[in-house]
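Asker: Data file upload.json (JSON, C-alpha atoms) is appended below.
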[["chain", "number", "residue", "atom", "x", "y", "z"],
["A", 1, "MET", "CA", 162.92, 148.28, -39.80],
["A", 2, "LEU", "CA", 163.59, 151.82, -38.57],
["A", 3, "SER", "CA", 167.29, 151.59, -39.40],
["A", 4, "LYS", "CA", 166.44, 150.74, -43.01],
["A", 5, "ILE", "CA", 163.94, 153.60, -43.18],
["A", 6, "ALA", "CA", 166.54, 156.02, -41.77],
["A", 7, "PHE", "CA", 169.09, 154.76, -44.30],
["A", 8, "PHE", "CA", 166.84, 155.39, -47.29],
["A", 9, "GLU", "CA", 165.50, 158.70, -45.97],
["A", 10, "THR", "CA", 168.93, 160.31, -46.29],
["A", 11, "ASP", "CA", 170.68, 161.25, -49.53],
["A", 12, "ASP", "CA", 174.13, 160.78, -48.00],
["A", 13, "ARG", "CA", 174.25, 156.98, -48.13],
["A", 14, "PRO", "CA", 177.40, 154.84, -48.26],
["A", 15, "ASP", "CA", 177.92, 152.49, -51.18],
["A", 16, "ILE", "CA", 177.15, 149.20, -49.46],
["A", 17, "ALA", "CA", 178.52, 146.94, -52.19],
["A", 18, "ALA", "CA", 181.79, 148.87, -52.36],
["A", 19, "ASP", "CA", 182.13, 148.83, -48.57],
["A", 20, "ARG", "CA", 181.61, 145.07, -48.42],
["A", 21, "ALA", "CA", 184.23, 144.55, -51.13],
["A", 22, "ARG", "CA", 186.71, 146.81, -49.31],
["A", 23, "LEU", "CA", 186.27, 144.91, -46.06],
["A", 24, "LEU", "CA", 186.76, 141.45, -47.53],
["A", 25, "PRO", "CA", 190.60, 141.46, -47.89],
["A", 26, "ALA", "CA", 191.02, 143.10, -44.47],
["A", 27, "LEU", "CA", 188.80, 140.45, -42.90],
["A", 28, "LEU", "CA", 190.63, 137.62, -44.65],
["A", 29, "GLN", "CA", 194.02, 138.98, -43.62],
["A", 30, "HIS", "CA", 192.90, 139.29, -40.00],
["A", 31, "LEU", "CA", 191.58, 135.72, -39.87],
["A", 32, "GLN", "CA", 194.66, 134.33, -41.59],
["A", 33, "SER", "CA", 196.82, 135.81, -38.83],
["A", 34, "PHE", "CA", 195.32, 133.11, -36.58],
["A", 35, "SER", "CA", 194.94, 130.28, -39.09],
["A", 36, "ARG", "CA", 196.25, 129.93, -42.62],
["A", 37, "ASN", "CA", 193.40, 127.55, -43.41],
["A", 38, "VAL", "CA", 190.76, 130.22, -44.10],
["A", 39, "THR", "CA", 188.44, 131.04, -46.97],
["A", 40, "VAL", "CA", 185.95, 133.93, -46.90],
["A", 41, "ALA", "CA", 183.29, 134.95, -49.42],
["A", 42, "ALA", "CA", 180.60, 137.61, -49.35],
["A", 43, "ALA", "CA", 177.21, 136.23, -48.30],
["A", 44, "SER", "CA", 173.87, 137.20, -49.76],
["A", 45, "GLY", "CA", 171.47, 139.27, -47.66],
["A", 46, "GLY", "CA", 172.29, 141.70, -44.90],
["A", 47, "THR", "CA", 170.64, 144.90, -46.09],
["A", 48, "LEU", "CA", 172.65, 147.31, -43.94],
["A", 49, "GLY", "CA", 175.62, 145.18, -42.98],
["A", 50, "ALA", "CA", 178.48, 143.23, -44.44],
["A", 51, "CYS", "CA", 178.03, 139.48, -44.11],
["A", 52, "TYR", "CA", 180.42, 136.73, -45.12],
["A", 53, "ASP", "CA", 180.52, 132.94, -45.25],
["A", 54, "ALA", "CA", 183.79, 131.53, -43.97],
["A", 55, "ASP", "CA", 185.54, 128.21, -43.63],
["A", 56, "ILE", "CA", 188.07, 128.31, -40.80],
["A", 57, "SER", "CA", 190.11, 125.14, -40.50],
["A", 58, "GLY", "CA", 187.15, 123.09, -41.76],
["A", 59, "GLU", "CA", 184.55, 124.82, -39.57],
["A", 60, "LYS", "CA", 181.72, 126.68, -41.36],
["A", 61, "ARG", "CA", 181.19, 130.14, -39.92],
["A", 62, "PHE", "CA", 179.05, 133.21, -40.60],
["A", 63, "LEU", "CA", 180.71, 136.61, -40.12],
["A", 64, "LYS", "CA", 178.86, 139.87, -39.69],
["A", 65, "THR", "CA", 180.17, 143.41, -39.48],
["A", 66, "HIS", "CA", 178.62, 146.84, -40.09],
["A", 67, "LEU", "CA", 178.59, 149.97, -42.23],
["A", 68, "PRO", "CA", 180.83, 152.93, -41.30],
["A", 69, "GLY", "CA", 179.85, 155.10, -38.37],
["A", 70, "PRO", "CA", 179.29, 154.83, -34.61],
["A", 71, "ARG", "CA", 175.53, 154.24, -34.90],
["A", 72, "ALA", "CA", 175.96, 151.17, -37.11],
["A", 73, "ARG", "CA", 178.65, 149.84, -34.80],
["A", 74, "ALA", "CA", 176.46, 150.36, -31.73],
["A", 75, "SER", "CA", 173.59, 148.48, -33.41],
["A", 76, "LEU", "CA", 175.80, 145.46, -34.07],
["A", 77, "ALA", "CA", 177.15, 145.53, -30.52],
["A", 78, "LYS", "CA", 173.56, 145.65, -29.28],
["A", 79, "GLU", "CA", 172.73, 142.59, -31.37],
["A", 80, "ALA", "CA", 175.68, 140.70, -29.89],
["A", 81, "ASP", "CA", 174.61, 141.57, -26.35],
["A", 82, "ILE", "CA", 171.04, 140.42, -26.98],
["A", 83, "LEU", "CA", 172.15, 137.15, -28.59],
["A", 84, "GLU", "CA", 174.34, 136.44, -25.59],
["A", 85, "GLN", "CA", 171.43, 137.16, -23.24],
["A", 86, "LEU", "CA", 169.26, 134.71, -25.19],
["A", 87, "TYR", "CA", 171.69, 131.94, -26.11],
["A", 88, "GLY", "CA", 174.85, 132.35, -24.06],
["A", 89, "ASN", "CA", 177.87, 131.64, -26.27],
["A", 90, "ALA", "CA", 175.99, 129.33, -28.66],
["A", 91, "ILE", "CA", 175.50, 132.00, -31.35],
["A", 92, "VAL", "CA", 178.11, 134.70, -30.80],
["A", 93, "LEU", "CA", 181.23, 132.55, -30.86],
["A", 94, "ASP", "CA", 183.55, 135.56, -30.97],
["A", 95, "ARG", "CA", 183.53, 139.32, -31.46],
["A", 96, "PHE", "CA", 186.66, 141.01, -32.71],
["A", 97, "GLU", "CA", 187.99, 144.13, -34.43],
["A", 98, "ILE", "CA", 188.95, 144.23, -38.10],
["A", 99, "PRO", "CA", 191.77, 146.79, -38.51],
["A", 100, "LEU", "CA", 191.56, 148.79, -41.75],
["A", 101, "ALA", "CA", 194.29, 150.50, -43.74],
["A", 102, "ASP", "CA", 193.02, 153.99, -42.83],
["A", 103, "GLY", "CA", 193.48, 153.29, -39.13],
["A", 104, "ALA", "CA", 189.78, 152.69, -38.47],
["A", 105, "ALA", "CA", 188.36, 149.38, -37.31],
["A", 106, "ARG", "CA", 185.09, 147.50, -37.63],
["A", 107, "LEU", "CA", 183.45, 145.28, -35.06],
["A", 108, "CYS", "CA", 182.80, 141.77, -36.39],
["A", 109, "LEU", "CA", 180.75, 138.91, -34.96],
["A", 110, "MET", "CA", 181.59, 135.28, -35.66],
["A", 111, "MET", "CA", 178.63, 132.89, -35.57],
["A", 112, "PRO", "CA", 177.96, 129.29, -36.51],
["A", 113, "ALA", "CA", 176.55, 128.66, -39.97],
["A", 114, "LEU", "CA", 172.81, 128.41, -39.29],
["A", 115, "VAL", "CA", 170.25, 126.86, -41.63],
["A", 116, "PRO", "CA", 166.99, 128.45, -42.88],
["A", 117, "GLN", "CA", 163.71, 126.81, -41.93],
["A", 118, "ALA", "CA", 162.25, 124.68, -44.70],
["A", 119, "ALA", "CA", 158.69, 125.97, -44.26],
["A", 120, "PRO", "CA", 156.82, 128.76, -42.42],
["A", 121, "MET", "CA", 156.25, 128.22, -38.73],
["A", 122, "PRO", "CA", 152.69, 127.63, -37.53],
["A", 123, "PRO", "CA", 151.26, 130.81, -35.97],
["A", 124, "ALA", "CA", 151.11, 129.25, -32.51],
["A", 125, "ASP", "CA", 154.85, 128.46, -32.69],
["A", 126, "ALA", "CA", 155.67, 131.99, -33.87],
["A", 127, "ALA", "CA", 153.62, 133.55, -31.08],
["A", 128, "ALA", "CA", 155.23, 131.28, -28.49],
["A", 129, "MET", "CA", 158.73, 132.02, -29.75],
["A", 130, "ALA", "CA", 158.20, 135.77, -29.78],
["A", 131, "HIS", "CA", 156.78, 135.59, -26.25],
["A", 132, "ALA", "CA", 159.68, 133.42, -25.04],
["A", 133, "CYS", "CA", 162.23, 135.94, -26.32],
["A", 134, "SER", "CA", 160.37, 138.79, -24.62],
["A", 135, "GLU", "CA", 160.23, 136.88, -21.35],
["A", 136, "ARG", "CA", 163.93, 136.03, -21.50],
["A", 137, "LEU", "CA", 164.82, 139.69, -22.07],
["A", 138, "LYS", "CA", 162.21, 141.38, -19.88],
["A", 139, "ASP", "CA", 164.51, 142.12, -16.93],
["A", 140, "TRP", "CA", 167.37, 143.33, -19.11],
["A", 141, "GLN", "CA", 167.59, 147.09, -19.59],
["A", 142, "PRO", "CA", 170.22, 147.98, -22.20],
["A", 143, "ASP", "CA", 170.92, 151.61, -23.03],
["A", 144, "GLY", "CA", 170.22, 153.21, -26.37],
["A", 145, "LEU", "CA", 167.05, 151.38, -27.37],
["A", 146, "ALA", "CA", 164.58, 153.28, -29.52],
["A", 147, "SER", "CA", 161.09, 153.68, -28.07],
["A", 148, "PHE", "CA", 157.73, 153.04, -29.69],
["A", 149, "ASP", "CA", 157.32, 156.80, -30.04],
["A", 150, "HIS", "CA", 159.89, 156.62, -32.85],
["A", 151, "TYR", "CA", 157.61, 154.17, -34.67],
["A", 152, "LEU", "CA", 154.60, 156.44, -34.25],
["A", 153, "ALA", "CA", 156.55, 159.40, -35.61],
["A", 154, "SER", "CA", 157.76, 157.37, -38.59],
["A", 155, "ALA", "CA", 154.20, 156.15, -39.19],
["A", 156, "ALA", "CA", 152.98, 159.75, -39.41],
["A", 157, "GLU", "CA", 155.60, 160.50, -42.07],
["A", 158, "ALA", "CA", 154.76, 157.26, -43.89],
["A", 159, "LEU", "CA", 151.05, 158.10, -43.99],
["A", 160, "LYS", "CA", 151.80, 161.56, -45.32],
["A", 161, "THR", "CA", 154.09, 160.19, -48.03],
["A", 162, "LEU", "CA", 151.82, 157.40, -49.25],
["A", 163, "SER", "CA", 148.82, 159.75, -49.31],
["A", 164, "SER", "CA", 150.65, 162.50, -51.19],
["A", 165, "ARG", "CA", 151.87, 160.03, -53.83],
["A", 166, "GLY", "CA", 148.39, 158.64, -54.42],
["A", 167, "LEU", "CA", 149.31, 155.22, -53.02],
["A", 168, "LEU", "CA", 146.59, 155.33, -50.37],
["A", 169, "GLU", "CA", 143.11, 156.69, -50.98],
["A", 170, "ARG", "CA", 141.53, 159.19, -48.60],
["A", 171, "ALA", "CA", 139.12, 156.83, -46.85],
["A", 172, "GLY", "CA", 141.86, 154.30, -46.13],
["A", 173, "ALA", "CA", 144.25, 157.02, -45.02],
["A", 174, "ILE", "CA", 141.68, 158.38, -42.54],
["A", 175, "GLU", "CA", 141.17, 154.94, -40.98],
["A", 176, "VAL", "CA", 144.90, 154.28, -40.83],
["A", 177, "GLY", "CA", 145.39, 157.65, -39.14],
["A", 178, "ARG", "CA", 142.69, 156.80, -36.60],
["A", 179, "LEU", "CA", 144.35, 153.49, -35.72],
["A", 180, "ILE", "CA", 147.82, 155.03, -35.39],
["A", 181, "ALA", "CA", 146.34, 157.70, -33.10],
["A", 182, "LEU", "CA", 144.68, 154.93, -31.07],
["A", 183, "LEU", "CA", 148.09, 153.36, -30.44],
["A", 184, "GLY", "CA", 149.47, 156.69, -29.29],
["A", 185, "ASP", "CA", 146.54, 157.30, -26.96],
["A", 186, "ARG", "CA", 146.77, 153.86, -25.32],
["A", 187, "LEU", "CA", 150.53, 153.41, -25.33],
["A", 188, "ALA", "CA", 151.03, 154.25, -21.66],
["A", 189, "ASP", "CA", 148.64, 151.46, -20.64],
["A", 190, "LEU", "CA", 149.95, 148.74, -22.98],
["A", 191, "PRO", "CA", 152.38, 146.04, -21.75],
["A", 192, "GLU", "CA", 155.99, 146.88, -22.57],
["A", 193, "ALA", "CA", 158.59, 144.50, -24.00],
["A", 194, "LEU", "CA", 161.95, 144.50, -25.71],
["A", 195, "CYS", "CA", 160.90, 143.84, -29.31],
["A", 196, "HIS", "CA", 163.02, 142.38, -32.10],
["A", 197, "GLY", "CA", 161.96, 144.90, -34.72],
["A", 198, "ASP", "CA", 162.28, 142.51, -37.68],
["A", 199, "PHE", "CA", 160.84, 139.23, -36.42],
["A", 200, "GLY", "CA", 160.40, 137.49, -39.76],
["A", 201, "PRO", "CA", 161.01, 134.11, -41.39],
["A", 202, "LYS", "CA", 164.54, 134.94, -42.60],
["A", 203, "ASN", "CA", 165.60, 135.91, -39.10],
["A", 204, "ILE", "CA", 164.44, 132.67, -37.50],
["A", 205, "MET", "CA", 167.09, 130.06, -38.30],
["A", 206, "LEU", "CA", 167.93, 126.52, -37.25],
["A", 207, "GLN", "CA", 170.93, 125.41, -35.23],
["A", 208, "GLY", "CA", 170.47, 121.68, -35.43],
["A", 209, "ALA", "CA", 166.83, 121.23, -34.41],
["A", 210, "ALA", "CA", 166.74, 124.42, -32.31],
["A", 211, "ARG", "CA", 165.22, 127.64, -33.66],
["A", 212, "ARG", "CA", 167.32, 130.76, -33.13],
["A", 213, "VAL", "CA", 166.19, 134.36, -33.59],
["A", 214, "ILE", "CA", 168.99, 136.45, -35.12],
["A", 215, "ASP", "CA", 169.47, 140.01, -36.47],
["A", 216, "TRP", "CA", 168.53, 142.08, -33.43],
["A", 217, "GLU", "CA", 170.02, 145.38, -34.64],
["A", 218, "ASP", "CA", 166.58, 147.02, -34.76],
["A", 219, "ALA", "CA", 165.56, 145.90, -31.27],
["A", 220, "PHE", "CA", 163.50, 148.55, -29.50],
["A", 221, "ARG", "CA", 161.41, 149.14, -26.41],
["A", 222, "GLY", "CA", 157.89, 148.50, -27.66],
["A", 223, "ILE", "CA", 154.61, 146.69, -27.03],
["A", 224, "ALA", "CA", 154.45, 143.06, -25.93],
["A", 225, "GLY", "CA", 152.91, 141.13, -28.82],
["A", 226, "TYR", "CA", 154.31, 143.43, -31.51],
["A", 227, "ASP", "CA", 156.80, 140.85, -32.84],
["A", 228, "TYR", "CA", 154.17, 138.18, -33.48],
["A", 229, "LEU", "CA", 151.92, 140.63, -35.32],
["A", 230, "TYR", "CA", 154.93, 141.81, -37.34],
["A", 231, "TRP", "CA", 155.64, 138.16, -38.28],
["A", 232, "LEU", "CA", 152.12, 137.84, -39.69],
["A", 233, "THR", "CA", 152.70, 140.65, -42.21],
["A", 234, "PHE", "CA", 155.28, 138.76, -44.29],
["A", 235, "MET", "CA", 153.96, 137.62, -47.65],
["A", 236, "GLU", "CA", 154.64, 133.93, -46.93],
["A", 237, "ASN", "CA", 152.54, 134.24, -43.77],
["A", 238, "ARG", "CA", 149.55, 135.94, -45.41],
["A", 239, "PRO", "CA", 147.57, 132.65, -45.47],
["A", 240, "PHE", "CA", 147.54, 132.82, -41.65],
["A", 241, "LEU", "CA", 146.09, 136.33, -41.44],
["A", 242, "GLN", "CA", 142.42, 135.39, -41.61],
["A", 243, "GLU", "CA", 142.65, 132.77, -38.87],
["A", 244, "ALA", "CA", 145.46, 133.97, -36.63],
["A", 245, "ALA", "CA", 145.54, 137.77, -36.62],
["A", 246, "PHE", "CA", 143.69, 138.24, -33.35],
["A", 247, "GLY", "CA", 143.69, 136.71, -29.89],
["A", 248, "ARG", "CA", 147.29, 135.47, -29.57],
["A", 249, "THR", "CA", 148.99, 138.46, -27.93],
["A", 250, "GLY", "CA", 146.76, 139.31, -24.98],
["A", 251, "LEU", "CA", 146.12, 142.75, -26.49],
["A", 252, "ALA", "CA", 142.70, 144.15, -27.32],
["A", 253, "GLN", "CA", 141.63, 143.37, -30.88],
["A", 254, "ASP", "CA", 141.60, 147.00, -32.00],
["A", 255, "VAL", "CA", 145.16, 147.39, -30.72],
["A", 256, "GLU", "CA", 146.23, 144.24, -32.60],
["A", 257, "ARG", "CA", 144.66, 145.60, -35.79],
["A", 258, "ALA", "CA", 146.34, 148.97, -35.24],
["A", 259, "ILE", "CA", 149.78, 147.32, -34.87],
["A", 260, "LEU", "CA", 149.23, 145.27, -38.03],
["A", 261, "VAL", "CA", 148.30, 148.45, -39.91],
["A", 262, "LEU", "CA", 151.31, 150.30, -38.50],
["A", 263, "VAL", "CA", 153.69, 147.54, -39.63],
["A", 264, "VAL", "CA", 152.26, 147.30, -43.15],
["A", 265, "LEU", "CA", 152.28, 151.10, -43.43],
["A", 266, "LEU", "CA", 155.96, 151.28, -42.44],
["A", 267, "LYS", "CA", 156.90, 148.40, -44.73],
["A", 268, "SER", "CA", 155.11, 150.13, -47.59],
["A", 269, "TYR", "CA", 156.90, 153.40, -46.81],
["A", 270, "LEU", "CA", 160.26, 151.60, -46.81],
["A", 271, "ALA", "CA", 159.41, 150.03, -50.17],
["A", 272, "VAL", "CA", 158.62, 153.48, -51.60],
["A", 273, "LEU", "CA", 161.86, 154.96, -50.26],
["A", 274, "SER", "CA", 163.93, 152.13, -51.72],
["A", 275, "GLY", "CA", 161.94, 151.88, -54.97],
["A", 276, "GLU", "CA", 161.02, 148.26, -54.27],
["A", 277, "HIS", "CA", 157.29, 149.08, -54.40],
["A", 278, "LEU", "CA", 157.56, 149.20, -58.19],
["A", 279, "LYS", "CA", 158.23, 145.44, -58.19],
["A", 280, "HIS", "CA", 155.50, 144.45, -55.74],
["A", 281, "ALA", "CA", 152.61, 142.34, -57.00],
["A", 282, "VAL", "CA", 150.31, 143.62, -54.21],
["A", 283, "SER", "CA", 149.96, 147.39, -53.76],
["A", 284, "ALA", "CA", 150.34, 149.18, -50.43],
["A", 285, "GLU", "CA", 146.67, 150.12, -50.56],
["A", 286, "ASP", "CA", 145.57, 146.51, -51.05],
["A", 287, "ARG", "CA", 147.82, 145.26, -48.27],
["A", 288, "ILE", "CA", 146.49, 147.86, -45.84],
["A", 289, "ALA", "CA", 142.90, 147.20, -46.93],
["A", 290, "GLU", "CA", 143.43, 143.51, -46.19],
["A", 291, "ILE", "CA", 144.21, 144.40, -42.57],
["A", 292, "LEU", "CA", 141.34, 146.87, -42.27],
["A", 293, "ASP", "CA", 138.91, 144.27, -43.66],
["A", 294, "LEU", "CA", 139.92, 141.43, -41.36],
["A", 295, "PRO", "CA", 136.79, 140.14, -39.61],
["A", 296, "GLY", "CA", 136.69, 140.98, -35.92]]
Rewrite the coordinates I just gave you, this time as structure tokens.
Answerer:
Amino acid sequence: MLSKIAFFETDDRPDIAADRARLLPALLQHLQSFSRNVTVAAASGGTLGACYDADISGEKRFLKTHLPGPRARASLAKEADILEQLYGNAIVLDRFEIPLADGAARLCLMMPALVPQAAPMPPADAAAMAHACSERLKDWQPDGLASFDHYLASAAEALKTLSSRGLLERAGAIEVGRLIALLGDRLADLPEALCHGDFGPKNIMLQGAARRVIDWEDAFRGIAGYDYLYWLTFMENRPFLQEAAFGRTGLAQDVERAILVLVVLLKSYLAVLSGEHLKHAVSAEDRIAEILDLPG
């Protein structure tokens, strides 16, 4: 989520649609140098990347590259490394360079064509999957991961912005501020984990009958249990909030509530930055109040 926030916080943003269109012929030409039997079309989704559906000699593939710049490239390389740690060569089938006319190149990942889940996972399955990923990655120490301090700093800016725009009343803002401060005060004593950063329904796909967690560009060094609580904040998972918000992460209940508030606050801030909040049926204030009002 932080990469999307950083993207919308700056005025100097690349034209994503134009960049995707520019990459398409270069990608097709590169693939056709290995096989003439190739079709490629832009895929939907991929907020800050360029994604394509491909058919290569009858095999369905998903291709993913990145926006211009070393930071975007490093994020995609990080995702590839994490996917290989989790799944070996089952997801990242290949990584290669796409040469461009201006002499630059883009990193591209080739993956199998995965299938979305037909229905939301039960909370117990989501918690178990998030924990399994953390356990698999716990002894791996890649460079360049953001820390949870970045999330706390972004939360402070989010709270300031929502309050100043009248999207969060004073009483709610005070309680949110208290909970964010609580996370900062206890951070040193909380269990650490490599967190996904966007552990949501669209990033949990099926390869046959096996669930695979994809899109690890926003992975960061955070709090064990964060990913499950993040999963709960998606609109399709709201029915689970009342029954499954607490007691599945091993964290104290006030810490779980604080993480839920932090996530909804940051999601609301991102929606304001992108303008998407104008289309939302549930306001930021109501979503945050729902977390604050959860029975303990």
Asker: Under the rule that all atoms listed in the file are counted, which of A:Glu157, A:Asp143, A:Glu84, A:Asp53 is the nearest residue to Glu9 in chain A?
Answerer: A:Glu157
Asker: Counting only C-alpha atoms, I want the residues whose atoms come within 12 Å of (160.6, 138.3, -24.4) in the file frame, returned as an MDAnalysis selection string.
Answerer: chainID A and resid 82 85:86 127:140 191:196 213 219:228
Asker: Considering only C-alpha atoms, return as a list in words whatever protein or nucleic-acid residues lie within 8 Å of range 246-256 of chain A, sequence-local ones (same chain, fewer than 3 positions apart) excluded.
Answerer: Ala124, Ala127, Leu179, Leu182, Leu183, Leu190, Ala224, Gly225, Tyr228, Leu229, Glu243, Ile259, Leu260 and Gly296 of chain A
Asker: Using Å and a single decimal, report how far CA of Ala43 in chain A sits from CA of Asp12 in chain A.
Answerer: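 Value for the CA of Asp12 in chain A-CA of Ala43 in chain A distance: 24.7 Å.
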Asker: Take CA of Ala90 in chain A and CA of Ala146 in chain A and report the distance between them in Å, one decimal.
Answerer: 26.5 Å
Asker: Under the rule that all atoms listed in the file are counted, which of A:Ala42, A:Arg95, A:Phe8, A:Leu206 is the nearest residue to Ala271 in chain A?
Answerer: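 Ranked by minimum distance to Ala271 in chain A, first place goes to A:Phe8.
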